[in-house]
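Novice: Structure incoming, see below.
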Amino acid sequence: MSLRPLARAPWWRRAATKRSHLTPLPITARRCLNTVPKCPEPTCDCADTPSMPWGQGIDRNVNLNGLIASYAQQVLICTNKDDWASRIEEDNSGDNLAADLKELVGRGGVYSDPFHNISIINSSFPSAISRRPEVQTASVYLLPSFKYVPFLPRVSFDSVQALVKGYLLPEKLHPMNDGLSPIHKDRLVRKEAYQHMLYGVRDVEDVLVLICGHGQRDKRCGIYGPILQEEFERQLPRAGLEVLQGPAIDESVSAPQLSGTTGSEAVAEGPRTARVAQISHIGGHKYAGNVIVYLPPSLTNSAGNPHPLAGHGIWYGRIDPKHVEGVIKETIINGNIIADHFRGGITQDGEILRL
């Protein structure tokens with residue numbers, strides 16, 4: 001099967017009509033990626049499919065293809081928690097990184113751009129541990145650019161602005177923004193100089209398995225999240241992937257990485273690794289379990305060749321514990337899309353895909 005860019009949602013068309021000097025969207029070539037129609041049956045024991053609360057069943061009939069929100073970048077905030085307020089920006093009485101970021105890039109934010117949507121979600125990953133524990137910091141993953149920002153200071157709003165201006169804004173504006181004034185255009189474009197304000201940014205080398213477990217938003221996700229996390233953490237080592245636990249960086253027990261070695265060249269050869277976490281709401285409660293698998297650009301197959309889905313994020317819905325082994329085998333190991341569960345995907349350059 002072929003994958004083509006996801007059609008724009010109605011909100012995009014409404015926003016577009018408000019802009020002047022409209023130009024047609026460029027047509028992206030179809031991508032031919034390997035697919036399998038269904039998830040293979042498990043070959044080993046797995047957890048039972050959980051029961052859902054009365055009146056909150058799982059929709060097992062709708063075609064999931066294309067049921068994914070369009071986004072250019074996803075900010076995955078490491079909170080070391082596995083549940084949050086229904087609206088994550090209200091967690092901790094509004095004193096949190098998600099609220100700060102939404103103030104800048106959310107709807108109506110200073111850097112808001114309807115043609116460059118930035119998704120902000122929380123995760124249960126712990127933040128990196130700095131060699132200066134007296135300075136409060138937070139960690140974030142930027143996907144699908146596959147960057148990890150280990151030390152984002154939480155003592156000044158300047159660091160949040162540096163993250164947005166240095167890593168989240170587009171390098172080039174969408175043609176639909178041609179009618180903006182020069183100063184407005186300049187404000188919405190990425191500035192590389194801001195990247196130097198954030199210490200230790202490096203490439204993501206681990207496979208990331210993200211499972212919606214946002215129980216305060218919807219009980220179905222709250223039930224599926226921990227069950228699927230445990231199942232992925234049990235099954236991944238059987239497929240030859242080491243599941244990493246704890247902070248991605250702990251400077252209290254290891255020397256900090258040398259300046260200038262923040263890319264893949266700093267990573268020693270070793271077994272393939274993965275990290276598994278629960279995340280906040282991504283849409284589609286009735287399609288639980290919802291899983292996103294991000295496969296790093298450096299990922300190779302067993303023969304040492306580039307992985308077919310390296311640099312992609314793959315969204316799946318209706319994942320039960322019995323499907324975990326199949327997702328690992330078909331998508332993470334073999335590089336195949338499981339059509340029956342596929343909600344959509346994203347490439348490293350932000351192209352949204354569907355079957």
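Labeling convention for the structure tokens: chains A, B, ... as they appear, residues from 1 per chain, ligands from 1 in order of appearance.
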List every residue of range 34-129 of chain A that has an atom at most 8 Å from any atom of range 274-290 of chain A, giving for each one its closest atom pair and the distance in Å to one decimal, counting only C-alpha atoms, sorted by chain and then by ascending residue number, as JSON lines.

Specialist:
{"residue": "A:Gln56", "atom": "CA", "partner": "A:Lys286", "partner_atom": "CA", "distance": 7.5}
{"residue": "A:Gly57", "atom": "CA", "partner": "A:Lys286", "partner_atom": "CA", "distance": 6.7}
{"residue": "A:Ile58", "atom": "CA", "partner": "A:Lys286", "partner_atom": "CA", "distance": 4.9}
{"residue": "A:Asp59", "atom": "CA", "partner": "A:Lys286", "partner_atom": "CA", "distance": 5.6}
{"residue": "A:Arg60", "atom": "CA", "partner": "A:Tyr287", "partner_atom": "CA", "distance": 7.5}
{"residue": "A:Leu67", "atom": "CA", "partner": "A:Gly284", "partner_atom": "CA", "distance": 7.9}
{"residue": "A:Ile68", "atom": "CA", "partner": "A:Gly283", "partner_atom": "CA", "distance": 7.8}
{"residue": "A:Ala69", "atom": "CA", "partner": "A:Gly283", "partner_atom": "CA", "distance": 7.8}
{"residue": "A:Asp82", "atom": "CA", "partner": "A:Gln278", "partner_atom": "CA", "distance": 6.0}
{"residue": "A:Asp83", "atom": "CA", "partner": "A:Ser280", "partner_atom": "CA", "distance": 7.3}
{"residue": "A:Trp84", "atom": "CA", "partner": "A:Ser280", "partner_atom": "CA", "distance": 7.3}
{"residue": "A:Ile88", "atom": "CA", "partner": "A:Ser280", "partner_atom": "CA", "distance": 7.6}
{"residue": "A:Ile121", "atom": "CA", "partner": "A:Ser280", "partner_atom": "CA", "distance": 5.6}
{"residue": "A:Asn122", "atom": "CA", "partner": "A:Ser280", "partner_atom": "CA", "distance": 5.3}
{"residue": "A:Ser123", "atom": "CA", "partner": "A:Ile279", "partner_atom": "CA", "distance": 4.3}
{"residue": "A:Ser124", "atom": "CA", "partner": "A:Gln278", "partner_atom": "CA", "distance": 5.4}
{"residue": "A:Phe125", "atom": "CA", "partner": "A:Ala277", "partner_atom": "CA", "distance": 6.0}

Novice: What lies within 8 Å of Thr35 in chain A using only C-alpha atoms, ignoring chain neighbours under 3 positions off, as an MDAnalysis selection string?

Specialist: chainID A and resid 1 336:339

Novice: Generate the output file for the selected residues, all heavy atoms, as a tab-separated table (two decimals), in the first residue's frame.

Specialist:
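Result file follows (result27.tsv):
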chain	number	residue	atom	x	y	z
A	1	MET	N	0.83	-1.20	0.00
A	1	MET	CA	0.00	0.00	0.00
A	1	MET	C	0.87	1.25	0.00
A	1	MET	O	2.02	1.21	0.39
A	1	MET	CB	-0.90	0.02	1.24
A	1	MET	CG	-1.97	-1.06	1.24
A	1	MET	SD	-3.06	-0.85	2.67
A	1	MET	CE	-4.16	-2.23	2.41
A	336	ASN	N	7.31	-2.80	9.24
A	336	ASN	CA	6.03	-2.87	8.55
A	336	ASN	C	4.96	-2.07	9.29
A	336	ASN	O	4.96	-1.99	10.52
A	336	ASN	CB	5.55	-4.32	8.43
A	336	ASN	CG	6.47	-5.17	7.56
A	336	ASN	OD1	7.01	-4.69	6.57
A	336	ASN	ND2	6.66	-6.42	7.96
A	337	ILE	N	4.02	-1.50	8.53
A	337	ILE	CA	2.84	-0.84	9.08
A	337	ILE	C	1.73	-1.87	9.24
A	337	ILE	O	1.45	-2.62	8.29
A	337	ILE	CB	2.35	0.29	8.16
A	337	ILE	CG1	3.45	1.34	7.95
A	337	ILE	CG2	1.08	0.92	8.69
A	337	ILE	CD1	3.77	2.15	9.16
A	338	ILE	N	1.10	-1.93	10.40
A	338	ILE	CA	-0.04	-2.83	10.61
A	338	ILE	C	-1.30	-2.06	10.27
A	338	ILE	O	-1.76	-1.20	11.02
A	338	ILE	CB	-0.08	-3.34	12.06
A	338	ILE	CG1	1.25	-4.01	12.41
A	338	ILE	CG2	-1.24	-4.31	12.25
A	338	ILE	CD1	1.37	-4.40	13.88
A	339	ALA	N	-1.87	-2.32	9.10
A	339	ALA	CA	-2.93	-1.50	8.55
A	339	ALA	C	-4.17	-1.45	9.43
A	339	ALA	O	-4.81	-0.39	9.55
A	339	ALA	CB	-3.30	-2.02	7.16

Novice: Enumerate the residues of range 174-261 of chain A with a DSSP assignment of helix (DSSP H, G or I), computed from the backbone, and present them as a PyMOL selection string.

Specialist: chain A and resi 175-177+182-187+192-197+219-239

Novice: Please, could you write that set of residues out with C-alpha atoms as a PDB file, in the first residue's frame?

Specialist:
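Saved result, part-v2.pdb, follows:
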ATOM      1  CA  PRO A 175       3.387  29.668   1.787  1.00  0.00           C
ATOM      2  CA  MET A 176       0.031  30.483   3.379  1.00  0.00           C
ATOM      3  CA  ASN A 177       1.906  32.969   5.571  1.00  0.00           C
ATOM      4  CA  PRO A 182       7.979  41.153   7.401  1.00  0.00           C
ATOM      5  CA  ILE A 183       8.249  41.672  11.167  1.00  0.00           C
ATOM      6  CA  HIS A 184       5.507  39.101  11.820  1.00  0.00           C
ATOM      7  CA  LYS A 185       7.224  36.626   9.520  1.00  0.00           C
ATOM      8  CA  ASP A 186      10.519  37.163  11.306  1.00  0.00           C
ATOM      9  CA  ARG A 187       8.918  36.476  14.673  1.00  0.00           C
ATOM     10  CA  GLU A 192      19.587  29.072  15.553  1.00  0.00           C
ATOM     11  CA  ALA A 193      21.297  31.451  17.987  1.00  0.00           C
ATOM     12  CA  TYR A 194      18.767  30.510  20.690  1.00  0.00           C
ATOM     13  CA  GLN A 195      19.894  26.872  20.577  1.00  0.00           C
ATOM     14  CA  HIS A 196      23.121  27.801  22.336  1.00  0.00           C
ATOM     15  CA  MET A 197      21.157  28.884  25.407  1.00  0.00           C
ATOM     16  CA  LYS A 219     -10.860   6.048  32.204  1.00  0.00           C
ATOM     17  CA  ARG A 220     -10.294   3.825  29.180  1.00  0.00           C
ATOM     18  CA  CYS A 221      -6.827   5.243  28.605  1.00  0.00           C
ATOM     19  CA  GLY A 222      -6.165   5.121  32.341  1.00  0.00           C
ATOM     20  CA  ILE A 223      -6.894   1.393  32.336  1.00  0.00           C
ATOM     21  CA  TYR A 224      -4.961   0.530  29.173  1.00  0.00           C
ATOM     22  CA  GLY A 225      -1.867   2.662  29.886  1.00  0.00           C
ATOM     23  CA  PRO A 226      -0.185   0.717  32.717  1.00  0.00           C
ATOM     24  CA  ILE A 227      -1.172  -2.679  31.291  1.00  0.00           C
ATOM     25  CA  LEU A 228       0.364  -1.941  27.893  1.00  0.00           C
ATOM     26  CA  GLN A 229       3.451  -0.336  29.416  1.00  0.00           C
ATOM     27  CA  GLU A 230       4.127  -3.483  31.430  1.00  0.00           C
ATOM     28  CA  GLU A 231       3.515  -5.686  28.384  1.00  0.00           C
ATOM     29  CA  PHE A 232       5.877  -3.687  26.128  1.00  0.00           C
ATOM     30  CA  GLU A 233       8.572  -3.677  28.815  1.00  0.00           C
ATOM     31  CA  ARG A 234       8.204  -7.463  29.126  1.00  0.00           C
ATOM     32  CA  GLN A 235       8.160  -8.217  25.408  1.00  0.00           C
ATOM     33  CA  LEU A 236      10.818  -5.834  24.034  1.00  0.00           C
ATOM     34  CA  PRO A 237      13.805  -7.683  25.591  1.00  0.00           C
ATOM     35  CA  ARG A 238      12.570 -10.914  24.014  1.00  0.00           C
ATOM     36  CA  ALA A 239      12.951  -9.193  20.639  1.00  0.00           C
TER      37      ALA A 239
END

Novice: So which one's closest to Gln136 in chain A, A:Arg354, A:Lys102, A:Arg87, A:Arg154? Using only C-alpha atoms, please.

Specialist: A:Arg154

Novice: DSSP says strand (DSSP E or B) for which residues of range 38-248 of chain A? Put them as a ChimeraX atom specification?

Specialist: /A:73-78,118-123,129,137-143,147-153,199,202-203,207-212,242-243

Novice: Could you tell me how far CA of Val207 in chain A lies from CA of Gly311 in chain A, in Å and to one decimal?

Specialist: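 Straight-line distance from CA of Val207 in chain A to CA of Gly311 in chain A works out to 10.1 Å.
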
Novice: Go through A:Ala303, A:Met52, A:Val209, A:Arg272 and flag the residue nearest Val291 in chain A, using only C-alpha atoms for the distances.

Specialist: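 Counting only C-alpha atoms, the residue closest to Val291 in chain A is A:Val209.
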